[in-house]
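So the structure is just underneath, and the comments pick up after that.
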Amino acid sequence: MTELMKAMQLDAPGNPLRPVERALPEPGAGEMLIRVSACGVCRTDLHVVDGDIRGKLPIVPGHEIVGRVVAMGEKVAGFAPGDRVGVPWLGHTCGICAYCCSGRENLCDDPLFTGFTRDGGFASHVVADAAYCFPIPERFSDVEAAPLLCAGLIGYRALRMAGDARRIGFYGFGAAAHILAQLAVWRGREILAFTRPGDSEGQAFARSLGCMWAGASGDSPPGELDAAIIFAPVGALVPEALRNVRKGGRVVCAGIHMSDIPAFPYEHLWGERTILSVANLTRADGVEFLALAAQAPIATTTTRFALEDANEALAALREGKLEGAAVLVP
Ligand SMILES: [Zn+2]
Ligand SMILES: [Zn+2]
């Protein structure tokens, strides 16, 4: 009798995810078959489902995977059956392009992304390239650890792009910001949180995690920012953040997709302000961030959903109803 796995599959953008059963896949050379114990729901999953970004179809979304190794193909080093592992967004790189050869595999010309161009973790099982998997710090449970794999990790890359900025504005206080705020405050930074107007619960949540100030986008913060990180997929926040950033400051766009950025007067960019985006992650980012997460007093706030309720989890994220991160449990 063939063993089966369960998955929530996207057949076409705009459709709800559909529960499917498939034969359990065999891991190829360098790959591991992993039994999923938790998978976070990221805004990028929403962009995949809504068709804002286009990858492989049909696809099983999900790239914040925590699970245990069930079987391994040939040539897997560093893991053993039973090990707890994390599978991130970066699923594979070519290893030979100019970006891979210069320490910027996040920009690889021929990559695979988990839950976008290879099947992801909205499933009971997933096959992953072992070279892109990470061990998970012990102090987190499976559900607690899931949001670290993208919200935490790519958020960390965005925080690093903010340089040595001391006062940083976070625009959008969702899964990524709630993790990064705790890390940044622990490292002596001052974090100012900008939420959707009227989201007083989100602002209270931000203050409870150590943010020195929380208000609505459109509010004037008390004093200038050294940098801003935009987590929300809203292009109008770019000129707004620029206005609040001091001379020489940076505005970092942390998402994979954003609505159009409205025109703004050049004087808001003048003064050596910069705007940049953060794309994907390198394995070095993952190792560095997870080592920090093992030490820093980071607690992730999560809402659990059953795997079959993935569409409800996506809807809650779209409507801004979640505090912290949604996590699917098969
Ligand atoms: Zn490459
Ligand atoms: Zn993500």
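Letters A, B, ... go to the chains of the structure tokens in the order shown; residues in each chain start at 1; ligands are counted from 1 in the same order.
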
Find the spatial neighbours of Ala299 in chain A, counting only C-alpha atoms, within a cut-off of 12 Å - ignore same-chain residues fewer than 3 positions away - and output them as a JSON list (two decimals) with C-alpha atoms, in the first residue's frame.
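This is the output file out_34.json:
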[["chain", "number", "residue", "atom", "x", "y", "z"],
["A", 139, "ARG", "CA", 14.31, 26.71, 23.40],
["A", 140, "PHE", "CA", 11.53, 27.19, 20.85],
["A", 141, "SER", "CA", 8.67, 24.73, 20.40],
["A", 143, "VAL", "CA", 4.99, 26.24, 16.58],
["A", 144, "GLU", "CA", 7.01, 29.02, 18.23],
["A", 145, "ALA", "CA", 9.95, 28.42, 15.90],
["A", 146, "ALA", "CA", 8.02, 28.43, 12.60],
["A", 147, "PRO", "CA", 7.79, 32.25, 12.19],
["A", 148, "LEU", "CA", 11.54, 32.55, 12.75],
["A", 152, "GLY", "CA", 12.43, 36.44, 11.62],
["A", 175, "ALA", "CA", 4.90, 38.70, 12.13],
["A", 178, "HIS", "CA", 7.06, 41.63, 16.29],
["A", 179, "ILE", "CA", 10.14, 39.37, 16.23],
["A", 180, "LEU", "CA", 12.61, 42.01, 15.07],
["A", 181, "ALA", "CA", 11.41, 44.60, 17.59],
["A", 182, "GLN", "CA", 12.39, 42.27, 20.43],
["A", 183, "LEU", "CA", 15.81, 41.57, 18.90],
["A", 208, "SER", "CA", 4.33, 45.57, 25.15],
["A", 209, "LEU", "CA", 7.31, 44.24, 23.15],
["A", 293, "ALA", "CA", 17.46, 33.90, 18.37],
["A", 294, "ALA", "CA", 18.87, 31.18, 20.64],
["A", 295, "GLN", "CA", 20.29, 33.88, 22.96],
["A", 296, "ALA", "CA", 17.98, 36.89, 22.63],
["A", 302, "THR", "CA", 1.34, 32.74, 17.27],
["A", 324, "GLY", "CA", 1.98, 38.02, 15.61],
["A", 325, "ALA", "CA", 1.97, 35.08, 13.20]]

Item to check | Site check for ligand 2: residues at most 9 Å away, only C-alpha atoms and all ligand atoms, as a ChimeraX atom specification | outcome: /A:40-45,62-64,88-89,147,149-154,176,255-256,280

Item to check | Contacts of range 218-234 of chain A within 9 Å, only C-alpha atoms, excl. fewer than 3 positions in-chain, as a count of residues only | outcome: 49

Next on the checklist: Distance limit 6 Å, reference ligand 1, atoms considered: only C-alpha atoms and all ligand atoms. Which residues make the cut? Give them as a list in words.
Outcome noted: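 My answer, listing the contacting residues, is Thr93, Cys94, Gly95, Ile96, Cys97, Tyr99, Cys100, Glu105, Cys108, Asp109 and Asp110 of chain A.
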
Generate a file of the selected residues that holds N, CA and C atoms, formatted as a PDB file, in the first residue's frame.
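Result saved to selection_18.pdb:
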ATOM      1  N   THR A  93      20.034  27.116  -4.760  1.00  0.00           N
ATOM      2  CA  THR A  93      20.657  28.110  -5.646  1.00  0.00           C
ATOM      3  C   THR A  93      21.565  27.381  -6.616  1.00  0.00           C
ATOM      4  N   CYS A  94      21.979  28.074  -7.694  1.00  0.00           N
ATOM      5  CA  CYS A  94      22.750  27.397  -8.756  1.00  0.00           C
ATOM      6  C   CYS A  94      24.197  27.168  -8.348  1.00  0.00           C
ATOM      7  N   GLY A  95      24.730  28.040  -7.488  1.00  0.00           N
ATOM      8  CA  GLY A  95      26.110  27.883  -7.043  1.00  0.00           C
ATOM      9  C   GLY A  95      27.155  28.331  -8.048  1.00  0.00           C
ATOM     10  N   ILE A  96      26.749  28.772  -9.237  1.00  0.00           N
ATOM     11  CA  ILE A  96      27.759  29.130 -10.251  1.00  0.00           C
ATOM     12  C   ILE A  96      27.568  30.531 -10.832  1.00  0.00           C
ATOM     13  N   CYS A  97      26.448  31.205 -10.540  1.00  0.00           N
ATOM     14  CA  CYS A  97      26.253  32.528 -11.142  1.00  0.00           C
ATOM     15  C   CYS A  97      27.101  33.567 -10.389  1.00  0.00           C
ATOM     16  N   TYR A  99      26.278  36.023  -8.653  1.00  0.00           N
ATOM     17  CA  TYR A  99      25.775  36.337  -7.300  1.00  0.00           C
ATOM     18  C   TYR A  99      26.154  35.233  -6.315  1.00  0.00           C
ATOM     19  N   CYS A 100      25.935  33.984  -6.730  1.00  0.00           N
ATOM     20  CA  CYS A 100      26.307  32.858  -5.857  1.00  0.00           C
ATOM     21  C   CYS A 100      27.805  32.893  -5.543  1.00  0.00           C
ATOM     22  N   GLU A 105      24.027  34.791  -2.606  1.00  0.00           N
ATOM     23  CA  GLU A 105      23.170  33.748  -3.176  1.00  0.00           C
ATOM     24  C   GLU A 105      21.693  34.119  -3.082  1.00  0.00           C
ATOM     25  N   CYS A 108      20.578  34.945  -6.492  1.00  0.00           N
ATOM     26  CA  CYS A 108      20.900  33.923  -7.514  1.00  0.00           C
ATOM     27  C   CYS A 108      20.014  34.053  -8.760  1.00  0.00           C
ATOM     28  N   ASP A 109      20.641  33.846  -9.933  1.00  0.00           N
ATOM     29  CA  ASP A 109      19.916  33.923 -11.208  1.00  0.00           C
ATOM     30  C   ASP A 109      19.023  32.717 -11.449  1.00  0.00           C
ATOM     31  N   ASP A 110      19.286  31.608 -10.780  1.00  0.00           N
ATOM     32  CA  ASP A 110      18.527  30.379 -11.070  1.00  0.00           C
ATOM     33  C   ASP A 110      18.171  29.650  -9.768  1.00  0.00           C
TER      34      ASP A 110
END

Which residues are close to Arg84 in chain A, i.e. within 12 Å by only C-alpha atoms, leaving aside same-chain residues fewer than 2 positions away? Reply as a compact mmCIF listing (two decimals) with C-alpha atoms, in the first residue's frame.
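Below you can see selection09.txt, which holds the result:
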# COMPACT_ATOMS: atom_id res chain seq x y z
CA MET A 32 15.43 14.97 2.86
CA LEU A 33 11.84 13.92 3.36
CA ILE A 34 10.54 15.87 6.36
CA ARG A 35 7.38 15.30 8.38
CA VAL A 36 5.99 18.82 8.94
CA SER A 37 5.05 19.66 12.52
CA ALA A 38 4.37 23.38 12.00
CA ILE A 65 8.60 24.93 8.01
CA VAL A 66 9.60 23.09 11.17
CA GLY A 67 9.61 19.32 11.04
CA ARG A 68 11.52 16.11 11.57
CA VAL A 69 13.66 14.20 9.11
CA VAL A 70 11.96 10.96 8.03
CA GLY A 78 24.92 17.07 8.75
CA PHE A 79 21.45 15.63 9.44
CA ALA A 80 20.06 12.30 10.59
CA PRO A 81 16.56 10.76 10.68
CA GLY A 82 14.62 12.17 13.63
CA GLY A 86 13.76 24.25 9.61
CA VAL A 87 13.11 24.81 5.91
CA CYS A 133 17.88 23.51 5.95
CA PHE A 134 18.79 24.71 9.43
CA PRO A 135 18.80 23.18 12.89
CA ILE A 136 16.32 24.99 15.18
CA PRO A 137 17.32 26.48 18.56
CA GLU A 138 16.10 24.15 21.28
CA PHE A 140 11.53 27.19 20.85
CA SER A 141 8.67 24.73 20.40
CA ASP A 142 7.84 23.72 16.81
CA ALA A 145 9.95 28.42 15.90
CA ALA A 146 8.02 28.43 12.60

Checklist entry - Restricting the calculation to only C-alpha atoms, which member of A:Glu31, A:Glu190, A:Glu323, A:Glu21 is positioned closest to Met8 in chain A? => result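 Under the stated criterion, the closest residue is A:Glu21.
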
Checklist entry - Which polymer residues have any atom within 10 Å of an atom of Val49 in chain A, counting only C-alpha atoms, with same-chain residues fewer than 6 positions away left out, as a list in words? => result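 Neighbouring residues, sequence-local ones excluded: Gln9, Leu10, Asp11, Ala12, Pro13, Gly14, Asn15, Pro16, Leu17, Arg43, Ile59, Val60, Pro61, Phe116, Asn311 and Leu314 of chain A.
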
Preceding selection exported with C-alpha atoms as a tab-separated table (two decimals), in the first residue's frame:
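Dumped everything to again-v6.tsv:
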chain	number	residue	atom	x	y	z
A	9	GLN	CA	-2.60	23.03	-3.03
A	10	LEU	CA	-3.00	26.20	-5.10
A	11	ASP	CA	-4.23	25.35	-8.61
A	12	ALA	CA	-4.54	28.90	-9.92
A	13	PRO	CA	-4.09	32.39	-8.40
A	14	GLY	CA	-7.24	33.71	-6.78
A	15	ASN	CA	-8.56	30.21	-6.02
A	16	PRO	CA	-8.81	28.94	-2.46
A	17	LEU	CA	-6.25	26.28	-1.52
A	43	ARG	CA	2.56	37.54	3.67
A	59	ILE	CA	2.01	24.70	-5.88
A	60	VAL	CA	1.88	23.89	-2.19
A	61	PRO	CA	2.70	27.20	-0.43
A	116	PHE	CA	6.76	29.18	-4.74
A	311	ASN	CA	-7.63	29.43	3.79
A	314	LEU	CA	-4.68	33.45	4.93

Checklist entry - Which of range 95-324 of chain A counts as alpha helix (DSSP H) under DSSP, as a VMD selection string please? => result chain A and resid 142 to 145 151 to 161 175 to 186 200 to 208 237 to 244 283 to 295 310 to 318

Item to check | Filtered DSSP result for range 48-199 of chain A, state strand (DSSP E), as a ChimeraX atom specification | outcome: /A:65-72,84-87,90-92,112-113,125-129,134-135,167-171,190-195

Given the selection you just returned, output its residues as a file containing N, CA and C atoms, formatted as a compact mmCIF listing (two decimals), in the first residue's frame.
# COMPACT_ATOMS: atom_id res chain seq x y z
N ILE A 65 8.90 26.31 7.67
CA ILE A 65 8.60 24.93 8.01
C ILE A 65 9.49 24.43 9.14
N VAL A 66 8.86 23.82 10.14
CA VAL A 66 9.60 23.09 11.17
C VAL A 66 9.10 21.65 11.13
N GLY A 67 10.02 20.71 11.09
CA GLY A 67 9.61 19.32 11.04
C GLY A 67 10.75 18.40 11.42
N ARG A 68 10.50 17.11 11.23
CA ARG A 68 11.52 16.11 11.57
C ARG A 68 11.87 15.26 10.38
N VAL A 69 13.16 14.97 10.25
CA VAL A 69 13.66 14.20 9.11
C VAL A 69 13.13 12.77 9.19
N VAL A 70 12.50 12.32 8.11
CA VAL A 70 11.96 10.96 8.03
C VAL A 70 12.89 10.08 7.21
N ALA A 71 13.38 10.59 6.09
CA ALA A 71 14.23 9.80 5.20
C ALA A 71 15.17 10.74 4.48
N MET A 72 16.31 10.20 4.07
CA MET A 72 17.30 11.03 3.39
C MET A 72 17.74 10.36 2.10
N ARG A 84 15.28 17.54 14.25
CA ARG A 84 14.36 18.65 13.99
C ARG A 84 15.06 19.66 13.09
N VAL A 85 14.40 20.03 11.98
CA VAL A 85 15.01 20.96 11.03
C VAL A 85 14.02 22.05 10.63
N GLY A 86 14.56 23.16 10.16
CA GLY A 86 13.76 24.25 9.61
C GLY A 86 14.04 24.38 8.13
N VAL A 87 12.98 24.62 7.36
CA VAL A 87 13.11 24.81 5.91
C VAL A 87 12.66 26.24 5.59
N LEU A 90 14.51 30.20 0.85
CA LEU A 90 15.56 29.87 -0.13
C LEU A 90 15.70 28.35 -0.17
N GLY A 91 15.23 27.75 -1.28
CA GLY A 91 15.20 26.29 -1.35
C GLY A 91 16.39 25.69 -2.07
N HIS A 92 17.01 26.47 -2.97
CA HIS A 92 18.14 25.97 -3.75
C HIS A 92 18.73 27.16 -4.52
N LEU A 112 15.59 28.20 -6.51
CA LEU A 112 14.28 27.62 -6.22
C LEU A 112 13.83 28.18 -4.88
N PHE A 113 12.56 28.52 -4.79
CA PHE A 113 12.02 29.05 -3.54
C PHE A 113 10.93 28.10 -3.01
N HIS A 125 3.96 16.54 4.80
CA HIS A 125 5.35 16.19 4.49
C HIS A 125 5.89 17.14 3.43
N VAL A 126 7.19 17.31 3.40
CA VAL A 126 7.82 18.12 2.36
C VAL A 126 9.20 17.52 2.06
N VAL A 127 9.61 17.65 0.80
CA VAL A 127 10.99 17.28 0.43
C VAL A 127 11.79 18.57 0.30
N ALA A 128 12.95 18.62 0.95
CA ALA A 128 13.77 19.83 0.91
C ALA A 128 15.21 19.47 0.60
N ASP A 129 15.91 20.42 -0.03
CA ASP A 129 17.36 20.28 -0.26
C ASP A 129 18.05 20.49 1.09
N PHE A 134 18.09 24.28 8.23
CA PHE A 134 18.79 24.71 9.43
C PHE A 134 18.35 23.89 10.64
N PRO A 135 19.26 23.65 11.58
CA PRO A 135 18.80 23.18 12.89
C PRO A 135 18.07 24.32 13.60
N ARG A 167 17.60 54.75 15.99
CA ARG A 167 16.13 54.90 16.08
C ARG A 167 15.53 54.44 14.77
N ILE A 168 14.79 53.38 14.84
CA ILE A 168 14.27 52.77 13.60
C ILE A 168 12.74 52.72 13.64
N GLY A 169 12.13 53.18 12.58
CA GLY A 169 10.68 53.08 12.45
C GLY A 169 10.31 51.79 11.74
N PHE A 170 9.37 51.04 12.30
CA PHE A 170 8.84 49.84 11.64
C PHE A 170 7.45 50.18 11.10
N TYR A 171 7.26 50.08 9.79
CA TYR A 171 5.96 50.34 9.19
C TYR A 171 5.27 49.01 8.93
N GLU A 190 16.22 51.84 19.47
CA GLU A 190 14.89 52.38 19.80
C GLU A 190 13.97 52.11 18.62
N ILE A 191 12.86 51.45 18.88
CA ILE A 191 11.94 51.08 17.80
C ILE A 191 10.63 51.85 17.94
N LEU A 192 10.23 52.45 16.81
CA LEU A 192 8.95 53.16 16.74
C LEU A 192 8.06 52.38 15.77
N ALA A 193 6.88 52.02 16.23
CA ALA A 193 6.00 51.17 15.42
C ALA A 193 4.88 51.98 14.81
N PHE A 194 4.69 51.83 13.50
CA PHE A 194 3.59 52.48 12.78
C PHE A 194 2.62 51.40 12.31
N THR A 195 1.38 51.48 12.75
CA THR A 195 0.38 50.47 12.37
C THR A 195 -0.66 51.09 11.44

Checklist entry - How far is it from CA of Leu57 in chain A to CA of Thr2 in chain A, in Å with one decimal? => result 24.5 Å

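Proximity of A:Gly320, A:Gly286, A:Gly210, A:Pro262 to Trp186 in chain A, computed with only C-alpha atoms, is greatest for A:Gly210.
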
Checklist entry - Hey, can you check how far CA of Thr303 in chain A sits from CA of Ala326 in chain A? => result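 Value for the CA of Thr303 in chain A-CA of Ala326 in chain A distance: 4.8 Å.
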